[in-house]
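Visitor: Can you read through this structure? Questions will come right after.
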Amino acid sequence: MSAWERRLGRLPAYELPGGLCLHDARGVNARRRGLGGLDVLPPERALRLRCRAVHTFTMRFALDLIWIGRDGGVVRVDRDVPPRRHRGCAGARAVVETRAGWADRFISAGVGGYTATR
């Protein structure tokens with residue numbers, strides 16, 4: 001089992017169109033660990049965190065950050081955020097972290113208005 005599977009496998013996951021999967025970091029420990037320290041994240045995977053700011057201090061790859069507002073709509077997208085950075089969005093209620101270059105696919109799949117499958 002890979003490191004990302006161990007990290008994300010226990011979290012609730014939502015299937016999106018196009019074979020995309022969104023994991024939901026609901027607990028404090030899941031939010032604290034996030035994607036930090038992972039060597040890779042498969043491009044079809046993303047992590048949703050309920051917060052208005054994130055850091056990439058322990059990241060080993062660049063991320064796209066999709067900021068989600070109270071109504072579930074996309075507020076802003078920060079693309080290709082490198083490791084060791086801090087980003088925030090006052091108008092957001094959550095952020096979706098995915099590999100750099102994949103934000104548009106998740107937005108097209110309806111990342112803000114997903115429905116649960118497990």
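Ordered as shown in the structure tokens, chains take letters A, B, and onward, while each chain numbers its residues from 1 and ligands are numbered from 1 in the order shown.
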Excluding same-chain residues fewer than 6 positions from range 48-55 of chain A, what lies within 7 Å of it counting only C-alpha atoms, as a list in words?

Guide: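 Selected residues are Leu22, His23, Asp24, Ala25, Arg31, Arg85, His86, Arg87, Gly88, Cys89, Ala90, Ala92, Arg93, Ala94, Val95, Val96 and Glu97 of chain A.
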
Visitor: Just to be explicit: take each residue in the selection above, keep C-alpha atoms, and write the result as a PDB file, in the first residue's frame.

Guide:
```pdb
ATOM      1  CA  LEU A  22     -12.295  13.813  -3.664  1.00  0.00           C
ATOM      2  CA  HIS A  23     -11.252  12.851  -0.129  1.00  0.00           C
ATOM      3  CA  ASP A  24     -12.675  14.873   2.769  1.00  0.00           C
ATOM      4  CA  ALA A  25     -10.355  15.720   5.694  1.00  0.00           C
ATOM      5  CA  ARG A  31      -6.614  18.360   8.431  1.00  0.00           C
ATOM      6  CA  ARG A  85       4.276  28.773   0.708  1.00  0.00           C
ATOM      7  CA  HIS A  86       1.218  30.068   2.564  1.00  0.00           C
ATOM      8  CA  ARG A  87      -2.102  30.851   0.878  1.00  0.00           C
ATOM      9  CA  GLY A  88      -5.442  32.027   2.214  1.00  0.00           C
ATOM     10  CA  CYS A  89      -8.805  33.180   0.938  1.00  0.00           C
ATOM     11  CA  ALA A  90     -11.066  35.175   3.289  1.00  0.00           C
ATOM     12  CA  ALA A  92     -13.683  30.662   1.266  1.00  0.00           C
ATOM     13  CA  ARG A  93     -15.133  28.063   3.585  1.00  0.00           C
ATOM     14  CA  ALA A  94     -13.041  25.181   2.245  1.00  0.00           C
ATOM     15  CA  VAL A  95     -10.154  24.451  -0.072  1.00  0.00           C
ATOM     16  CA  VAL A  96      -9.538  21.537  -2.413  1.00  0.00           C
ATOM     17  CA  GLU A  97      -5.881  20.587  -2.845  1.00  0.00           C
TER      18      GLU A  97
END
```

Visitor: Within 7 Å of Val77 in chain A, counting only C-alpha atoms, which residues show up once you throw out same-chain ones fewer than 3 positions away? Write them as a PDB file with N, CA, C and O atoms, in the first residue's frame, please.

Guide:
```
ATOM      1  N   LEU A  65      -4.865  24.976  -5.762  1.00  0.00           N
ATOM      2  CA  LEU A  65      -5.780  25.165  -4.641  1.00  0.00           C
ATOM      3  C   LEU A  65      -7.080  25.750  -5.181  1.00  0.00           C
ATOM      4  O   LEU A  65      -7.078  26.817  -5.787  1.00  0.00           O
ATOM      5  N   ILE A  66      -8.177  25.046  -4.953  1.00  0.00           N
ATOM      6  CA  ILE A  66      -9.497  25.489  -5.395  1.00  0.00           C
ATOM      7  C   ILE A  66     -10.259  25.930  -4.153  1.00  0.00           C
ATOM      8  O   ILE A  66     -10.609  25.107  -3.304  1.00  0.00           O
ATOM      9  N   TRP A  67     -10.490  27.219  -4.038  1.00  0.00           N
ATOM     10  CA  TRP A  67     -11.168  27.780  -2.866  1.00  0.00           C
ATOM     11  C   TRP A  67     -12.673  27.748  -3.097  1.00  0.00           C
ATOM     12  O   TRP A  67     -13.170  28.239  -4.096  1.00  0.00           O
TER      13      TRP A  67
END
```

Visitor: Enter the distance from CA of Gly101 in chain A to CA of Arg70 in chain A, in Å, rounded to one decimal.

Guide: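 Taking CA of Gly101 in chain A and CA of Arg70 in chain A, their separation equals 24.6 Å.
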
Visitor: I'd like the contact shell of Gly19 in chain A - 10 Å cut-off, only C-alpha atoms, skipping same-chain residues fewer than 5 positions apart - returned as a PyMOL selection string.

Guide: chain A and resi 44-45+109

Visitor: Generate the output file for the selected residues, N, CA, C and O atoms, as a compact mmCIF listing (two decimals), in the first residue's frame.

Guide:
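Resulting contents of out_7.txt:
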```
# COMPACT_ATOMS: atom_id res chain seq x y z
N GLU A 44 -5.76 12.01 -10.26
CA GLU A 44 -7.22 11.94 -10.18
C GLU A 44 -7.73 12.06 -8.74
O GLU A 44 -8.92 11.95 -8.49
N ARG A 45 -6.84 12.33 -7.80
CA ARG A 45 -7.20 12.45 -6.38
C ARG A 45 -7.05 13.89 -5.91
O ARG A 45 -6.21 14.64 -6.39
N ALA A 109 -15.72 18.92 -13.14
CA ALA A 109 -16.44 17.77 -12.59
C ALA A 109 -17.40 18.19 -11.48
O ALA A 109 -18.12 17.34 -10.94
```

Visitor: Using only C-alpha atoms, determine which residues lie at most 7 Å from Met59 in chain A, disregarding the query and same-chain residues fewer than 4 positions distant; provide the list as JSON, numbers by chain.

Guide: {"A": [35, 36, 37, 38, 83]}

Visitor: Excluding Ala3 in chain A and residues on its chain fewer than 5 positions from it, collect all residues at most 9 Å away from it, counting only C-alpha atoms, and give them as a PyMOL selection string.

Guide: chain A and resi 8+38-40

Visitor: For the residues in the current selection, export C-alpha atoms as a tab-separated table (two decimals), in the first residue's frame.

Guide:
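selection-v7.tsv, freshly written:
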```tsv
chain	number	residue	atom	x	y	z
A	8	LEU	CA	-6.25	9.14	2.35
A	38	LEU	CA	3.80	12.68	0.51
A	39	ASP	CA	6.09	12.10	-2.46
A	40	VAL	CA	3.23	11.91	-4.94
```

Visitor: How far is it from CA of Gly69 in chain A to CA of Arg26 in chain A, in Å with one decimal?

Guide: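 Interatomic distance, CA of Gly69 in chain A to CA of Arg26 in chain A: 16.9 Å.
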
Visitor: As an MDAnalysis selection string, please: every residue in chain A that a backbone DSSP assignment puts in alpha helix (DSSP H).

Guide: chainID A and resid 3:8 28:33 103:108

Visitor: Selection from above, C-alpha atoms, as an mmCIF file, in the first residue's frame, can you write it?

Guide:
```cif
data_model
loop_
_atom_site.group_PDB
_atom_site.id
_atom_site.type_symbol
_atom_site.label_atom_id
_atom_site.label_comp_id
_atom_site.auth_asym_id
_atom_site.auth_seq_id
_atom_site.Cartn_x
_atom_site.Cartn_y
_atom_site.Cartn_z
ATOM 1 C CA ALA A 3 1.832 6.343 1.374
ATOM 2 C CA TRP A 4 -1.040 8.297 -0.186
ATOM 3 C CA GLU A 5 -3.343 5.263 0.141
ATOM 4 C CA ARG A 6 -2.466 4.942 3.832
ATOM 5 C CA ARG A 7 -3.032 8.672 4.348
ATOM 6 C CA LEU A 8 -6.247 9.142 2.353
ATOM 7 C CA VAL A 28 -8.421 17.697 13.244
ATOM 8 C CA ASN A 29 -5.736 15.057 12.658
ATOM 9 C CA ALA A 30 -6.702 14.596 9.005
ATOM 10 C CA ARG A 31 -6.614 18.360 8.431
ATOM 11 C CA ARG A 32 -3.297 18.704 10.256
ATOM 12 C CA ARG A 33 -1.613 15.976 8.209
ATOM 13 C CA ALA A 103 -7.773 22.234 -10.958
ATOM 14 C CA ASP A 104 -9.739 22.705 -14.170
ATOM 15 C CA ARG A 105 -10.652 19.010 -14.320
ATOM 16 C CA PHE A 106 -11.978 19.057 -10.765
ATOM 17 C CA ILE A 107 -13.885 22.298 -11.362
ATOM 18 C CA SER A 108 -15.433 20.866 -14.553
#
```

Visitor: Using DSSP on the backbone coordinates, identify all residues within chain A classified as strand (DSSP E); present the result as a PyMOL selection string.

Guide: chain A and resi 13-16+20-25+45-49+53-55+63-68+74-81+86-88+94-99

Visitor: Hey, can you spit out that residue selection with C-alpha atoms as a PDB file, in the first residue's frame?

Guide:
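After the write, part_11.pdb holds the following:
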```pdb
ATOM      1  CA  ALA A  13     -14.335   9.883  -0.412  1.00  0.00           C
ATOM      2  CA  TYR A  14     -16.637  11.239  -3.102  1.00  0.00           C
ATOM      3  CA  GLU A  15     -16.595  10.059  -6.692  1.00  0.00           C
ATOM      4  CA  LEU A  16     -16.790  12.817  -9.285  1.00  0.00           C
ATOM      5  CA  LEU A  20     -11.948  11.807 -10.151  1.00  0.00           C
ATOM      6  CA  CYS A  21     -12.032  11.191  -6.402  1.00  0.00           C
ATOM      7  CA  LEU A  22     -12.295  13.813  -3.664  1.00  0.00           C
ATOM      8  CA  HIS A  23     -11.252  12.851  -0.129  1.00  0.00           C
ATOM      9  CA  ASP A  24     -12.675  14.873   2.769  1.00  0.00           C
ATOM     10  CA  ALA A  25     -10.355  15.720   5.694  1.00  0.00           C
ATOM     11  CA  ARG A  45      -7.202  12.449  -6.377  1.00  0.00           C
ATOM     12  CA  ALA A  46      -7.795  15.591  -4.330  1.00  0.00           C
ATOM     13  CA  LEU A  47      -8.221  16.521  -0.668  1.00  0.00           C
ATOM     14  CA  ARG A  48     -10.884  18.894   0.682  1.00  0.00           C
ATOM     15  CA  LEU A  49     -10.167  20.782   3.905  1.00  0.00           C
ATOM     16  CA  ALA A  53      -5.794  29.153   4.790  1.00  0.00           C
ATOM     17  CA  VAL A  54      -3.225  26.445   4.087  1.00  0.00           C
ATOM     18  CA  HIS A  55       0.521  26.112   3.948  1.00  0.00           C
ATOM     19  CA  LEU A  63      -0.498  22.086  -5.808  1.00  0.00           C
ATOM     20  CA  ASP A  64      -3.523  23.706  -7.348  1.00  0.00           C
ATOM     21  CA  LEU A  65      -5.780  25.165  -4.641  1.00  0.00           C
ATOM     22  CA  ILE A  66      -9.497  25.489  -5.395  1.00  0.00           C
ATOM     23  CA  TRP A  67     -11.168  27.780  -2.866  1.00  0.00           C
ATOM     24  CA  ILE A  68     -14.842  26.957  -2.230  1.00  0.00           C
ATOM     25  CA  VAL A  74     -15.530  28.271  -6.660  1.00  0.00           C
ATOM     26  CA  VAL A  75     -14.284  31.565  -5.187  1.00  0.00           C
ATOM     27  CA  ARG A  76     -10.708  31.493  -6.480  1.00  0.00           C
ATOM     28  CA  VAL A  77      -8.074  29.145  -7.866  1.00  0.00           C
ATOM     29  CA  ASP A  78      -4.379  29.366  -6.981  1.00  0.00           C
ATOM     30  CA  ARG A  79      -2.445  27.406  -9.577  1.00  0.00           C
ATOM     31  CA  ASP A  80       0.940  25.731  -9.313  1.00  0.00           C
ATOM     32  CA  VAL A  81       1.604  26.723  -5.683  1.00  0.00           C
ATOM     33  CA  HIS A  86       1.218  30.068   2.564  1.00  0.00           C
ATOM     34  CA  ARG A  87      -2.102  30.851   0.878  1.00  0.00           C
ATOM     35  CA  GLY A  88      -5.442  32.027   2.214  1.00  0.00           C
ATOM     36  CA  ALA A  94     -13.041  25.181   2.245  1.00  0.00           C
ATOM     37  CA  VAL A  95     -10.154  24.451  -0.072  1.00  0.00           C
ATOM     38  CA  VAL A  96      -9.538  21.537  -2.413  1.00  0.00           C
ATOM     39  CA  GLU A  97      -5.881  20.587  -2.845  1.00  0.00           C
ATOM     40  CA  THR A  98      -4.902  18.691  -5.974  1.00  0.00           C
ATOM     41  CA  ARG A  99      -1.788  18.204  -8.066  1.00  0.00           C
TER      42      ARG A  99
END
```

Visitor: Please report the interatomic distance between CA of Thr58 in chain A and CA of Gly34 in chain A in Å with one decimal.

Guide: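 Atom-to-atom, CA of Thr58 in chain A and CA of Gly34 in chain A are spaced 9.7 Å apart.
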